[in-house]
file start27.tsv (TSV, C-alpha atoms)
chain	number	residue	atom	x	y	z
A	183	MET	CA	-8.61	4.66	21.48
A	184	ILE	CA	-7.85	1.61	19.31
A	185	LYS	CA	-6.43	-1.66	20.56
A	186	MET	CA	-4.74	-3.93	17.99
A	187	PHE	CA	-3.82	-7.60	18.23
A	188	SER	CA	-3.01	-10.24	15.62
A	189	ALA	CA	-3.04	-13.88	14.59
A	190	PHE	CA	-0.88	-15.75	12.08
A	191	THR	CA	-0.87	-19.12	10.34
A	192	GLU	CA	0.85	-20.95	7.51
A	193	GLU	CA	-1.68	-23.81	7.55
A	194	ILE	CA	-3.30	-23.62	4.12
A	195	ASP	CA	-4.82	-27.05	3.53
A	196	ASP	CA	-6.39	-28.09	6.84
A	197	ILE	CA	-9.22	-25.61	7.40
A	198	ASP	CA	-10.13	-26.77	10.91
A	199	THR	CA	-6.53	-26.63	12.14
A	200	ALA	CA	-6.02	-23.15	10.60
A	201	ILE	CA	-9.23	-21.71	12.08
A	202	THR	CA	-8.69	-23.23	15.52
A	203	GLY	CA	-5.13	-21.90	15.64
A	204	ILE	CA	-6.18	-18.40	14.64
A	205	LEU	CA	-9.09	-18.20	17.09
A	206	ASP	CA	-6.92	-19.50	19.92
A	207	GLN	CA	-4.41	-16.72	19.25
A	208	LEU	CA	-7.14	-14.07	19.20
A	209	ASP	CA	-9.09	-15.08	22.32
A	210	LEU	CA	-12.03	-13.03	21.06
A	211	LYS	CA	-14.23	-13.67	24.10
A	212	ASN	CA	-11.85	-11.69	26.29
A	213	SER	CA	-10.29	-9.33	23.74
A	214	LEU	CA	-13.04	-7.53	21.84
A	215	LEU	CA	-14.31	-4.08	22.76
A	216	LYS	CA	-17.50	-2.40	21.53
A	217	ASN	CA	-16.60	-1.93	17.84
A	218	THR	CA	-14.19	-4.06	15.83
A	219	ILE	CA	-12.81	-4.68	12.36
A	220	GLY	CA	-10.42	-7.28	10.97
A	221	ILE	CA	-7.64	-6.47	8.48
A	222	LEU	CA	-6.61	-9.61	6.57
A	223	HIS	CA	-3.51	-10.18	4.43
A	224	CYS	CA	-2.73	-13.56	2.95
A	225	TYR	CA	-1.22	-15.69	0.20
A	226	TYR	CA	-3.88	-16.37	-2.43
A	227	GLU	CA	-4.01	-20.14	-1.80
A	228	PHE	CA	-5.81	-19.42	1.48
A	229	ILE	CA	-8.74	-18.36	-0.72
A	230	ASP	CA	-8.58	-21.50	-2.87
A	231	SER	CA	-8.44	-23.81	0.16
A	232	GLY	CA	-11.46	-22.20	1.81
A	233	VAL	CA	-9.62	-20.91	4.89
A	234	VAL	CA	-10.51	-17.24	4.24
A	235	LYS	CA	-14.22	-17.92	3.87
A	236	ALA	CA	-14.39	-20.29	6.85
A	237	LEU	CA	-12.45	-17.87	9.05
A	238	CYS	CA	-14.68	-14.90	8.25
A	239	GLU	CA	-17.80	-16.97	8.96
A	240	LYS	CA	-16.47	-17.43	12.51
A	241	LEU	CA	-15.87	-13.73	13.14
A	242	PRO	CA	-18.59	-11.35	14.43
A	243	PHE	CA	-17.27	-8.29	12.57
A	244	ASP	CA	-16.33	-7.11	9.07
A	245	VAL	CA	-13.04	-8.36	7.63
A	246	ILE	CA	-11.29	-6.47	4.82
A	247	GLY	CA	-7.93	-6.98	3.17
A	248	ILE	CA	-5.85	-8.06	0.18
A	249	THR	CA	-3.62	-10.83	-1.06
A	250	VAL	CA	0.06	-10.02	-0.60
A	251	PRO	CA	3.43	-11.71	-1.23
A	252	TYR	CA	4.95	-11.26	2.23
A	253	ILE	CA	3.76	-10.55	5.77
A	254	ARG	CA	5.47	-10.00	9.09
A	255	LEU	CA	4.59	-9.69	12.76
A	256	SER	CA	6.97	-9.69	15.69
A	257	GLY	CA	8.69	-13.09	15.52
A	258	LYS	CA	6.61	-14.35	12.59
A	259	ALA	CA	7.10	-13.90	8.85
A	260	SER	CA	6.05	-15.69	5.68
A	261	SER	CA	5.74	-15.48	1.91
A	262	MET	CA	2.88	-18.00	2.06
A	263	GLY	CA	1.08	-17.04	5.27
A	264	LEU	CA	-2.11	-15.49	6.57
A	265	MET	CA	-2.14	-12.56	9.00
A	266	LEU	CA	-5.30	-11.28	10.66
A	267	ASN	CA	-5.04	-7.98	12.54
A	268	ILE	CA	-7.88	-6.94	14.82
A	269	LEU	CA	-8.65	-3.26	15.48
A	270	THR	CA	-11.11	-2.78	18.33
A	271	GLY	CA	-12.25	0.03	20.63
A	272	ASP	CA	-15.07	1.32	22.81
A	273	ASP	CA	-14.91	4.90	21.53
A	274	VAL	CA	-14.17	4.26	17.85
A	275	ASP	CA	-16.25	2.94	14.97
A	276	PHE	CA	-15.57	1.35	11.57
A	277	VAL	CA	-17.85	1.81	8.57
A	278	THR	CA	-17.05	-0.39	5.57
A	279	GLY	CA	-18.06	-0.95	1.97
A	280	ILE	CA	-17.14	-2.89	-1.17
A	281	SER	CA	-17.41	-1.44	-4.68
A	282	ASP	CA	-19.19	-2.81	-7.70
A	283	PRO	CA	-16.84	-4.61	-10.13
A	284	ILE	CA	-14.60	-2.12	-11.93
A	285	GLU	CA	-14.37	-2.63	-15.67
A	286	ILE	CA	-11.06	-3.35	-17.38
A	287	GLY	CA	-9.94	-0.03	-18.78
A	288	GLY	CA	-11.77	1.87	-16.04
A	289	GLY	CA	-14.89	2.84	-17.97
A	290	ASN	CA	-16.98	2.75	-14.79
A	291	LEU	CA	-14.21	3.57	-12.30
A	292	LYS	CA	-15.61	6.98	-11.40
A	293	GLN	CA	-19.15	5.69	-10.95
A	294	ALA	CA	-18.10	2.60	-8.97
A	295	THR	CA	-15.87	4.65	-6.67
A	296	ALA	CA	-18.53	7.30	-6.13
A	297	LYS	CA	-21.09	4.64	-5.21
A	298	LEU	CA	-18.64	3.01	-2.78
A	299	CYS	CA	-17.95	6.34	-1.09
A	300	GLY	CA	-21.65	7.16	-1.01
A	301	ASP	CA	-22.50	3.81	0.60
A	302	VAL	CA	-19.94	4.47	3.33
A	303	SER	CA	-20.89	8.14	3.78
A	304	LYS	CA	-24.56	7.45	4.42
A	305	ASN	CA	-23.64	5.29	7.41
A	306	LEU	CA	-21.31	7.83	9.00
A	307	LYS	CA	-22.35	9.83	12.06
A	308	GLU	CA	-19.38	12.20	11.87
A	309	LYS	CA	-16.49	13.21	9.64
A	310	PRO	CA	-13.87	10.44	9.76
A	311	PRO	CA	-10.32	11.40	10.83
A	312	MET	CA	-9.02	8.91	8.25
A	313	LEU	CA	-9.93	6.34	5.62
A	314	MET	CA	-8.30	3.04	4.76
A	315	THR	CA	-8.75	1.50	1.33
A	316	PHE	CA	-7.71	-1.76	-0.29
A	317	ALA	CA	-8.00	-2.40	-4.01
A	318	PRO	CA	-6.97	-4.66	-6.89
A	319	PHE	CA	-3.62	-4.37	-8.65
A	320	PHE	CA	-4.97	-1.84	-11.13
A	321	HIS	CA	-2.14	-2.39	-13.63
A	322	VAL	CA	-3.83	-5.71	-14.53
A	323	LEU	CA	-7.10	-3.85	-15.11
A	324	LYS	CA	-5.30	-1.36	-17.37
A	325	ILE	CA	-6.23	1.47	-15.02
A	326	ASN	CA	-4.03	4.22	-13.63
A	327	ALA	CA	-4.32	3.65	-9.86
A	328	ASP	CA	-3.92	7.39	-9.27
A	329	ASP	CA	-7.40	7.87	-10.72
A	330	PHE	CA	-8.84	5.60	-8.03
A	331	VAL	CA	-7.03	7.50	-5.26
A	332	ASP	CA	-8.12	10.84	-6.71
A	333	ASN	CA	-11.75	9.67	-6.86
A	334	ILE	CA	-11.72	8.61	-3.20
A	335	SER	CA	-10.14	11.94	-2.24
A	336	GLY	CA	-12.73	13.85	-4.25
A	337	SER	CA	-15.57	12.19	-2.36
A	338	PHE	CA	-13.93	12.84	1.02
A	339	PRO	CA	-12.14	16.21	0.65
A	340	ASN	CA	-9.12	16.80	2.86
A	341	ILE	CA	-9.41	13.47	4.68
A	342	PRO	CA	-6.23	11.38	4.80
A	343	VAL	CA	-6.45	8.12	2.85
A	344	PHE	CA	-4.10	5.27	3.77
A	345	GLY	CA	-3.98	1.81	2.20
A	346	ALA	CA	-2.52	-0.63	-0.28
A	347	PHE	CA	-3.12	-2.54	-3.50
A	348	SER	CA	-3.14	-6.31	-3.76
A	349	PHE	CA	-0.33	-8.27	-5.34
A	350	SER	CA	0.83	-11.78	-6.13
A	351	GLU	CA	4.09	-13.01	-7.57
A	352	GLU	CA	2.48	-14.76	-10.51
A	353	ILE	CA	4.30	-13.90	-13.74
A	354	ASP	CA	1.13	-12.40	-15.25
A	355	PHE	CA	0.15	-10.60	-12.01
A	356	SER	CA	-2.94	-12.79	-11.71
A	357	ARG	CA	-4.40	-13.91	-8.37
A	358	CYS	CA	-4.46	-10.39	-6.94
A	359	TYR	CA	-7.59	-10.09	-4.82
A	360	THR	CA	-9.44	-7.67	-2.58
A	361	LEU	CA	-10.98	-9.49	0.41
A	362	TYR	CA	-14.29	-8.59	2.03
A	363	ASN	CA	-16.13	-10.73	4.58
A	364	GLY	CA	-14.84	-14.03	3.27
A	365	GLN	CA	-15.24	-13.29	-0.44
A	366	SER	CA	-12.46	-12.48	-2.91
A	367	TYR	CA	-12.77	-9.86	-5.64
A	368	GLU	CA	-10.51	-9.33	-8.66
A	369	HIS	CA	-12.21	-6.10	-9.77
A	370	SER	CA	-13.56	-4.46	-6.60
A	371	ALA	CA	-12.16	-2.07	-4.00
A	372	ALA	CA	-12.96	-1.89	-0.30
A	373	LEU	CA	-13.15	1.15	1.96
A	374	ILE	CA	-13.05	1.68	5.73
A	375	ALA	CA	-13.96	4.95	7.45
A	376	ILE	CA	-12.55	5.13	10.98
A	377	THR	CA	-14.32	7.52	13.34
A	378	GLY	CA	-14.25	8.44	17.00
A	379	ASN	CA	-11.30	8.78	19.36
A	380	VAL	CA	-8.48	8.26	16.88
A	381	ASN	CA	-5.56	10.57	16.15
A	382	PRO	CA	-3.62	9.12	13.20
A	383	SER	CA	-0.12	10.12	12.15
A	384	PHE	CA	1.63	9.14	8.94
A	385	LEU	CA	5.23	8.71	7.79
A	386	THR	CA	6.81	7.71	4.50
A	387	MET	CA	10.32	7.15	3.20
A	388	SER	CA	11.67	5.78	-0.05
A	389	VAL	CA	15.33	6.54	-0.66
A	390	PRO	CA	18.02	8.56	1.11
A	391	GLU	CA	18.20	12.09	-0.31
A	392	LYS	CA	21.93	11.66	-0.94
A	393	ASN	CA	21.18	8.93	-3.48
A	394	ILE	CA	19.30	11.23	-5.89
A	395	MET	CA	21.51	11.86	-8.92
A	396	GLY	CA	22.59	15.42	-9.66
A	397	GLU	CA	20.24	18.35	-10.21
A	398	LEU	CA	16.50	17.78	-10.49
A	399	ALA	CA	15.19	17.75	-14.06
A	400	THR	CA	11.76	18.85	-15.34
A	401	VAL	CA	9.01	16.70	-16.84
A	402	THR	CA	8.28	18.47	-20.12
A	403	LYS	CA	5.61	16.10	-21.46
A	404	SER	CA	3.48	13.43	-19.81
A	405	GLU	CA	0.05	11.86	-20.12
A	406	GLY	CA	-1.21	9.96	-17.10
A	407	ASN	CA	1.39	7.33	-16.25
A	408	ILE	CA	3.21	7.71	-19.59
A	409	LEU	CA	6.29	9.88	-19.22
A	410	HIS	CA	7.22	11.20	-22.66
A	411	SER	CA	10.02	13.69	-22.16
A	412	ILE	CA	12.39	15.12	-19.55
A	413	ASN	CA	14.17	18.45	-20.08
A	414	GLY	CA	12.84	18.45	-23.65
A	415	MET	CA	14.42	15.04	-24.45
A	416	SER	CA	12.72	11.70	-24.84
A	417	VAL	CA	12.94	9.65	-21.65
A	418	GLU	CA	15.21	7.16	-23.41
A	419	ASP	CA	17.59	9.87	-24.57
A	420	TYR	CA	17.59	11.55	-21.17
A	421	VAL	CA	18.40	8.44	-19.12
A	422	ILE	CA	21.07	7.44	-21.64
A	423	SER	CA	22.58	10.94	-21.32
A	424	ILE	CA	22.93	10.57	-17.54
A	425	GLY	CA	24.26	7.03	-17.78
A	426	LEU	CA	21.36	5.03	-16.37
A	427	ILE	CA	21.08	2.79	-19.45
A	428	ASP	CA	23.42	2.38	-22.37
A	429	LYS	CA	21.05	1.81	-25.30
A	430	LYS	CA	17.46	2.29	-26.45
A	431	ASP	CA	14.63	-0.20	-25.85
A	432	ASN	CA	16.05	-0.97	-22.43
A	433	LEU	CA	13.89	1.12	-20.07
A	434	GLU	CA	12.72	-1.89	-18.06
A	435	LYS	CA	16.20	-1.89	-16.49
A	436	LEU	CA	15.10	1.21	-14.56
A	437	TYR	CA	12.61	-0.81	-12.47
A	438	SER	CA	15.00	-0.83	-9.51
A	439	THR	CA	15.97	2.85	-10.00
A	440	PRO	CA	13.17	4.81	-8.30
A	441	MET	CA	12.32	8.29	-9.52
A	442	ILE	CA	11.48	11.02	-7.03
A	443	ALA	CA	9.05	13.70	-8.23
A	444	ARG	CA	8.38	17.01	-6.45
A	445	LEU	CA	4.94	18.34	-7.34
A	446	LYS	CA	3.77	21.94	-7.51
A	447	ASP	CA	1.59	21.61	-4.37
A	448	GLY	CA	4.68	20.76	-2.31
A	449	SER	CA	4.02	17.02	-2.11
A	450	THR	CA	6.38	14.28	-3.26
A	451	ILE	CA	5.66	11.07	-5.15
A	452	VAL	CA	7.92	8.13	-5.97
A	453	ARG	CA	7.66	6.18	-9.21
A	454	VAL	CA	9.25	3.13	-10.78
A	455	CYS	CA	9.54	2.49	-14.52
A	456	ILE	CA	7.62	-0.59	-15.65
A	457	GLY	CA	8.98	-0.42	-19.23
A	458	GLY	CA	9.01	1.57	-22.45
A	459	ASP	CA	6.03	2.72	-24.50
A	460	GLY	CA	7.75	1.88	-27.80
A	461	GLN	CA	8.18	5.55	-28.73
A	462	GLY	CA	10.98	6.64	-26.44
A	463	GLY	CA	8.71	7.25	-23.45
A	464	ALA	CA	8.38	5.31	-20.20
A	465	VAL	CA	5.42	3.53	-18.65
A	466	MET	CA	5.57	4.47	-14.98
A	467	GLY	CA	3.93	2.91	-11.93
A	468	GLY	CA	1.68	5.97	-11.60
A	469	HIS	CA	1.17	9.43	-13.02
A	470	VAL	CA	4.00	11.96	-13.23
A	471	PRO	CA	2.50	15.42	-13.87
A	472	GLN	CA	3.98	17.74	-16.43
A	473	GLY	CA	6.15	20.35	-14.75
A	474	ALA	CA	7.17	18.07	-11.88
A	475	LYS	CA	10.80	18.22	-10.79
A	476	ILE	CA	12.27	14.72	-10.91
A	477	GLY	CA	15.44	12.87	-10.03
A	478	PHE	CA	16.52	9.24	-10.25
A	479	ALA	CA	18.07	7.50	-7.25
A	480	ILE	CA	20.87	4.95	-7.43
A	481	LEU	CA	20.59	2.40	-4.62
A	482	GLU	CA	22.56	-0.33	-2.94
A	483	LEU	CA	20.97	-2.94	-0.70
A	484	SER	CA	22.30	-1.06	2.32
A	485	ASP	CA	20.30	2.03	1.29
A	486	THR	CA	17.05	0.10	1.38
A	487	ILE	CA	17.88	-1.28	4.81
A	488	PHE	CA	18.85	2.23	5.97
A	489	THR	CA	15.44	3.67	5.06
A	490	GLY	CA	13.81	0.82	6.98
A	491	SER	CA	15.75	1.64	10.11
A	492	GLU	CA	15.16	5.38	9.67
A	493	ILE	CA	11.39	5.09	9.37
A	494	ALA	CA	11.24	2.68	12.34
A	495	ASN	CA	13.17	5.12	14.54
A	496	LYS	CA	11.02	8.07	13.44
A	497	THR	CA	7.91	6.00	14.16
A	498	LEU	CA	9.08	5.28	17.70
A	499	GLU	CA	9.71	9.00	18.25
A	500	LYS	CA	6.09	9.83	17.33
A	501	LEU	CA	4.31	6.67	18.49
A	502	ASN	CA	2.84	7.83	21.82
A	503	GLY	CA	1.28	4.46	22.66
A	504	ARG	CA	-0.48	3.93	19.34
A	505	ASN	CA	-0.52	0.95	16.97
A	506	ILE	CA	1.66	0.72	13.87
A	507	ILE	CA	0.65	-0.33	10.35
A	508	VAL	CA	3.45	-0.60	7.78
A	509	TYR	CA	3.19	-1.20	4.03
A	510	SER	CA	6.20	-1.57	1.77
A	511	CYS	CA	6.34	-1.76	-2.01
A	512	MET	CA	6.75	-5.06	-3.79
A	513	ALA	CA	9.51	-3.42	-5.84
A	514	ARG	CA	11.56	-3.04	-2.65
A	515	LEU	CA	11.11	-6.74	-1.91
A	516	GLU	CA	12.29	-7.69	-5.39
A	517	PHE	CA	15.19	-5.25	-5.15
A	518	MET	CA	16.50	-7.13	-2.11
A	519	GLY	CA	16.54	-10.43	-4.01
A	520	THR	CA	15.34	-13.91	-3.14
A	521	ASN	CA	17.98	-14.68	-0.52
A	522	GLN	CA	17.79	-11.32	1.27
A	523	ARG	CA	14.11	-10.42	1.01
A	524	GLU	CA	13.59	-10.43	4.78
A	525	LEU	CA	16.28	-7.88	5.58
A	526	GLU	CA	14.15	-4.72	5.43
A	527	SER	CA	11.20	-6.07	7.43
A	528	LYS	CA	13.50	-7.75	9.96
A	529	THR	CA	15.32	-4.45	10.47
A	530	ILE	CA	12.01	-2.69	11.13
A	531	CYS	CA	10.77	-5.48	13.40
A	532	ASP	CA	13.96	-5.55	15.44
A	533	LEU	CA	13.71	-1.81	16.09
A	534	LEU	CA	10.00	-1.77	16.88
A	535	GLY	CA	10.49	-4.65	19.32
A	536	ASP	CA	8.16	-7.37	20.54
A	537	THR	CA	6.05	-5.19	22.82
A	538	ASN	CA	4.58	-2.94	20.14
A	539	ASN	CA	1.37	-3.70	18.27
A	540	PHE	CA	2.34	-3.61	14.61
A	541	TYR	CA	2.24	-5.45	11.31
A	542	ILE	CA	4.14	-5.23	8.02
A	543	ALA	CA	2.85	-6.26	4.58
A	544	TYR	CA	4.31	-5.88	1.09
A	545	ALA	CA	1.86	-4.72	-1.57
A	546	GLY	CA	1.42	-3.74	-5.21
A	547	GLY	CA	1.38	-0.03	-4.44
A	548	GLU	CA	0.95	2.18	-1.40
A	549	ILE	CA	-1.61	4.92	-0.74
A	550	PHE	CA	-0.19	7.65	1.44
A	551	PRO	CA	-1.62	10.96	2.75
A	552	GLN	CA	1.00	13.70	2.78
A	553	GLU	CA	0.23	16.71	4.94
A	554	LEU	CA	0.87	19.97	3.11
A	555	PRO	CA	1.69	23.39	4.55
A	556	GLY	CA	-1.53	24.73	6.02
A	557	GLY	CA	-2.77	21.31	7.18
A	558	ASN	CA	-4.40	19.99	4.01
A	559	PHE	CA	-3.69	16.47	2.79
A	560	ALA	CA	-2.59	15.27	-0.64
A	561	ASN	CA	-3.38	11.57	-1.04
A	562	HIS	CA	-1.07	9.85	-3.51
A	563	LEU	CA	-0.25	6.47	-4.92
A	564	GLN	CA	3.38	5.70	-4.15
A	565	ASN	CA	5.88	3.25	-5.63
A	566	PHE	CA	9.06	1.89	-4.02
A	567	SER	CA	8.10	3.39	-0.66
A	568	LEU	CA	7.60	2.50	2.95
A	569	ILE	CA	4.46	3.99	4.49
A	570	VAL	CA	3.44	3.99	8.15
A	571	CYS	CA	0.19	4.78	9.93
A	572	MET	CA	0.12	5.20	13.70
A	573	LEU	CA	-3.37	5.00	15.16
call {"tool": "encode", "arguments": {"input": "start27.tsv", "output": "structure tokens"}}
result
Amino acid sequence: MIKMFSAFTEEIDDIDTAITGILDQLDLKNSLLKNTIGILHCYYEFIDSGVVKALCEKLPFDVIGITVPYIRLSGKASSMGLMLNILTGDDVDFVTGISDPIEIGGGNLKQATAKLCGDVSKNLKEKPPMLMTFAPFFHVLKINADDFVDNISGSFPNIPVFGAFSFSEEIDFSRCYTLYNGQSYEHSAALIAITGNVNPSFLTMSVPEKNIMGELATVTKSEGNILHSINGMSVEDYVISIGLIDKKDNLEKLYSTPMIARLKDGSTIVRVCIGGDGQGGAVMGGHVPQGAKIGFAILELSDTIFTGSEIANKTLEKLNGRNIIVYSCMARLEFMGTNQRELESKTICDLLGDTNNFYIAYAGGEIFPQELPGGNFANHLQNFSLIVCML
């Protein structure tokens, strides 16, 4: 069984004050069980100031995480904070690894991922009930993040993979880092295999079903994350025909209009449109396989808040004394706007209450394991989604 507890600070510049405050909150001498890992999320300036490195040097266990634009615990939230979550247990174990740098364009993605998985596998004593992974914002590396998820899944067949991609709100998406034992990596991914007495459950939600427009259409041509045609029409022509945009060369306006895609294996993925490809197609936030049935969802702010409350209530129904990890997409944060960005996470926090062990972080993409009929798992990159792990 896993115990989880957390620490939080917004002290970026004074290293000693930040470290002392975090360690006082953790009370490690009286809190740690046999095996432990730290999950760290922070604003990137905590790396620049030296807080991340100094903190990890004080901790007697591995620390893995990513930079993110917003974090929340019960009663604490920040766009420029640091959140350290401790997972510890007597009958669980955590095996970790960090990949070699992944080349821009992904030339060595398969090899780097295989080596990472191999390094973790050789230290495992049993098949892990789940994996957690944290990785760079692959869009900056000109890599389809689905390929990374597929490579992890290929090395660990039918094992659920849960995790998130780093993000920062810099205009060029720079300063997105993976964190591993005090070091920051722009081009490397980290992996955690969790073994022992753990029984994870997973939930995801994106948009209310009622918000999907009309009948589902069919993807008639796609290549990776480039969506070329829907129902035999260019993406531009199709979305104009259903009234989502009013002229060509305007596909970036669909960023806040998530697309739901039903895949042939029975799983569902959610995608956002990053922009046009210059030829009538759309650059999506992940792959959309040919033949998938898709529909666009029109949302109001209240719909986003509704999905937050729905997933919190469903989590409480299934919780059974476990801990709660929540990731939400950066696109959802931007959709809520600067003055209302806390509404979704506050809604979730208010429902989960102050007695539950949980954390919330917004990221540059979510990795979610969907259980299929028959008990197998399909691990997918998601956009514009809330994902929950109970463990």
call {"tool": "closest_atom_pairs", "arguments": {"input": "start27.tsv", "of": "range 379-447 of chain A", "to": "range 269-289 of chain A", "cutoff": "12 Å", "atoms": "only C-alpha atoms", "output": "Markdown table"}}
result
| residue | atom | partner | partner_atom | distance |
| --- | --- | --- | --- | --- |
| A:Asn379 | CA | A:Val274 | CA | 5.6 |
| A:Val380 | CA | A:Val274 | CA | 7.0 |
| A:Asn381 | CA | A:Val274 | CA | 10.8 |
call {"tool": "atom_distance", "arguments": {"input": "start27.tsv", "atom1": "CA of Glu308 in chain A", "atom2": "CA of Ile374 in chain A"}}
result
13.7 Å
call {"tool": "residues_around", "arguments": {"input": "start27.tsv", "residues": "Ile334 in chain A", "least_positions_apart": "4", "cutoff": "9 Å", "atoms": "only C-alpha atoms", "output": "number ranges by chain"}}
result
A: 295-296, 298-299, 315, 329-330, 338-339, 343
call {"tool": "residues_near_point", "arguments": {"input": "start27.tsv", "point": "(4.6, 12.9, -0.7)", "cutoff": "12 Å", "atoms": "all atoms listed in the file", "output": "PyMOL selection string"}}
result
chain A and resi 384-388+442-453+548-554+559-565+567-569
call {"tool": "closest_atom_pairs", "arguments": {"input": "start27.tsv", "of": "range 312-401 of chain A", "to": "range 473-485 of chain A", "cutoff": "9 Å", "atoms": "all atoms listed in the file", "output": "Markdown table"}}
result
| residue | atom | partner | partner_atom | distance |
| --- | --- | --- | --- | --- |
| A:Val389 | CA | A:Asp485 | CA | 7.0 |
| A:Pro390 | CA | A:Asp485 | CA | 6.9 |
| A:Glu391 | CA | A:Ala479 | CA | 8.3 |
| A:Lys392 | CA | A:Ala479 | CA | 8.5 |
| A:Asn393 | CA | A:Ala479 | CA | 5.1 |
| A:Ile394 | CA | A:Ala479 | CA | 4.2 |
| A:Met395 | CA | A:Phe478 | CA | 5.8 |
| A:Gly396 | CA | A:Gly477 | CA | 7.6 |
| A:Glu397 | CA | A:Gly477 | CA | 7.3 |
| A:Leu398 | CA | A:Gly477 | CA | 5.0 |
| A:Ala399 | CA | A:Ile476 | CA | 5.3 |
| A:Thr400 | CA | A:Lys475 | CA | 4.7 |
| A:Val401 | CA | A:Gly473 | CA | 5.1 |
call {"tool": "residues_around", "arguments": {"input": "start27.tsv", "residues": "Phe349 in chain A", "least_positions_apart": "4", "cutoff": "7 Å", "atoms": "all atoms listed in the file", "output": "PyMOL selection string"}}
result
chain A and resi 249-251+319+358+545-546
call {"tool": "build_atoms", "arguments": {"input": "start27.tsv", "residues": "range 555-572 of chain A", "atoms": "N, CA and C atoms", "output": "PDB file, in the frame of the given file"}}
result
ATOM      1  N   PRO A 555       1.711  22.174   3.741  1.00  0.00           N
ATOM      2  CA  PRO A 555       1.690  23.390   4.550  1.00  0.00           C
ATOM      3  C   PRO A 555       0.267  23.934   4.633  1.00  0.00           C
ATOM      4  N   GLY A 556      -0.162  24.266   5.836  1.00  0.00           N
ATOM      5  CA  GLY A 556      -1.530  24.730   6.020  1.00  0.00           C
ATOM      6  C   GLY A 556      -2.467  23.659   6.541  1.00  0.00           C
ATOM      7  N   GLY A 557      -1.982  22.377   6.565  1.00  0.00           N
ATOM      8  CA  GLY A 557      -2.770  21.310   7.180  1.00  0.00           C
ATOM      9  C   GLY A 557      -3.610  20.481   6.243  1.00  0.00           C
ATOM     10  N   ASN A 558      -3.663  20.819   4.951  1.00  0.00           N
ATOM     11  CA  ASN A 558      -4.400  19.990   4.010  1.00  0.00           C
ATOM     12  C   ASN A 558      -3.625  18.723   3.695  1.00  0.00           C
ATOM     13  N   PHE A 559      -4.332  17.729   3.150  1.00  0.00           N
ATOM     14  CA  PHE A 559      -3.690  16.470   2.790  1.00  0.00           C
ATOM     15  C   PHE A 559      -3.743  16.251   1.289  1.00  0.00           C
ATOM     16  N   ALA A 560      -2.640  15.730   0.745  1.00  0.00           N
ATOM     17  CA  ALA A 560      -2.590  15.270  -0.640  1.00  0.00           C
ATOM     18  C   ALA A 560      -2.415  13.754  -0.594  1.00  0.00           C
ATOM     19  N   ASN A 561      -3.437  13.026  -1.043  1.00  0.00           N
ATOM     20  CA  ASN A 561      -3.380  11.570  -1.040  1.00  0.00           C
ATOM     21  C   ASN A 561      -2.804  11.083  -2.369  1.00  0.00           C
ATOM     22  N   HIS A 562      -1.749  10.298  -2.300  1.00  0.00           N
ATOM     23  CA  HIS A 562      -1.070   9.850  -3.510  1.00  0.00           C
ATOM     24  C   HIS A 562      -0.795   8.358  -3.500  1.00  0.00           C
ATOM     25  N   LEU A 563      -0.865   7.769  -4.689  1.00  0.00           N
ATOM     26  CA  LEU A 563      -0.250   6.470  -4.920  1.00  0.00           C
ATOM     27  C   LEU A 563       1.258   6.642  -4.843  1.00  0.00           C
ATOM     28  N   GLN A 564       1.926   5.695  -4.189  1.00  0.00           N
ATOM     29  CA  GLN A 564       3.380   5.700  -4.150  1.00  0.00           C
ATOM     30  C   GLN A 564       3.930   4.379  -4.699  1.00  0.00           C
ATOM     31  N   ASN A 565       5.121   4.447  -5.260  1.00  0.00           N
ATOM     32  CA  ASN A 565       5.880   3.250  -5.630  1.00  0.00           C
ATOM     33  C   ASN A 565       7.155   3.226  -4.787  1.00  0.00           C
ATOM     34  N   PHE A 566       7.741   2.065  -4.642  1.00  0.00           N
ATOM     35  CA  PHE A 566       9.060   1.890  -4.020  1.00  0.00           C
ATOM     36  C   PHE A 566       9.175   2.652  -2.691  1.00  0.00           C
ATOM     37  N   SER A 567       8.111   2.610  -1.903  1.00  0.00           N
ATOM     38  CA  SER A 567       8.100   3.390  -0.660  1.00  0.00           C
ATOM     39  C   SER A 567       7.685   2.534   0.525  1.00  0.00           C
ATOM     40  N   LEU A 568       8.114   2.978   1.678  1.00  0.00           N
ATOM     41  CA  LEU A 568       7.600   2.500   2.950  1.00  0.00           C
ATOM     42  C   LEU A 568       6.600   3.525   3.450  1.00  0.00           C
ATOM     43  N   ILE A 569       5.424   3.068   3.899  1.00  0.00           N
ATOM     44  CA  ILE A 569       4.460   3.990   4.490  1.00  0.00           C
ATOM     45  C   ILE A 569       4.022   3.447   5.838  1.00  0.00           C
ATOM     46  N   VAL A 570       3.800   4.363   6.777  1.00  0.00           N
ATOM     47  CA  VAL A 570       3.440   3.990   8.150  1.00  0.00           C
ATOM     48  C   VAL A 570       2.238   4.802   8.589  1.00  0.00           C
ATOM     49  N   CYS A 571       1.301   4.110   9.240  1.00  0.00           N
ATOM     50  CA  CYS A 571       0.190   4.780   9.930  1.00  0.00           C
ATOM     51  C   CYS A 571       0.259   4.408  11.401  1.00  0.00           C
ATOM     52  N   MET A 572       0.212   5.404  12.265  1.00  0.00           N
ATOM     53  CA  MET A 572       0.120   5.200  13.700  1.00  0.00           C
ATOM     54  C   MET A 572      -1.278   5.607  14.147  1.00  0.00           C
TER      55      MET A 572
END
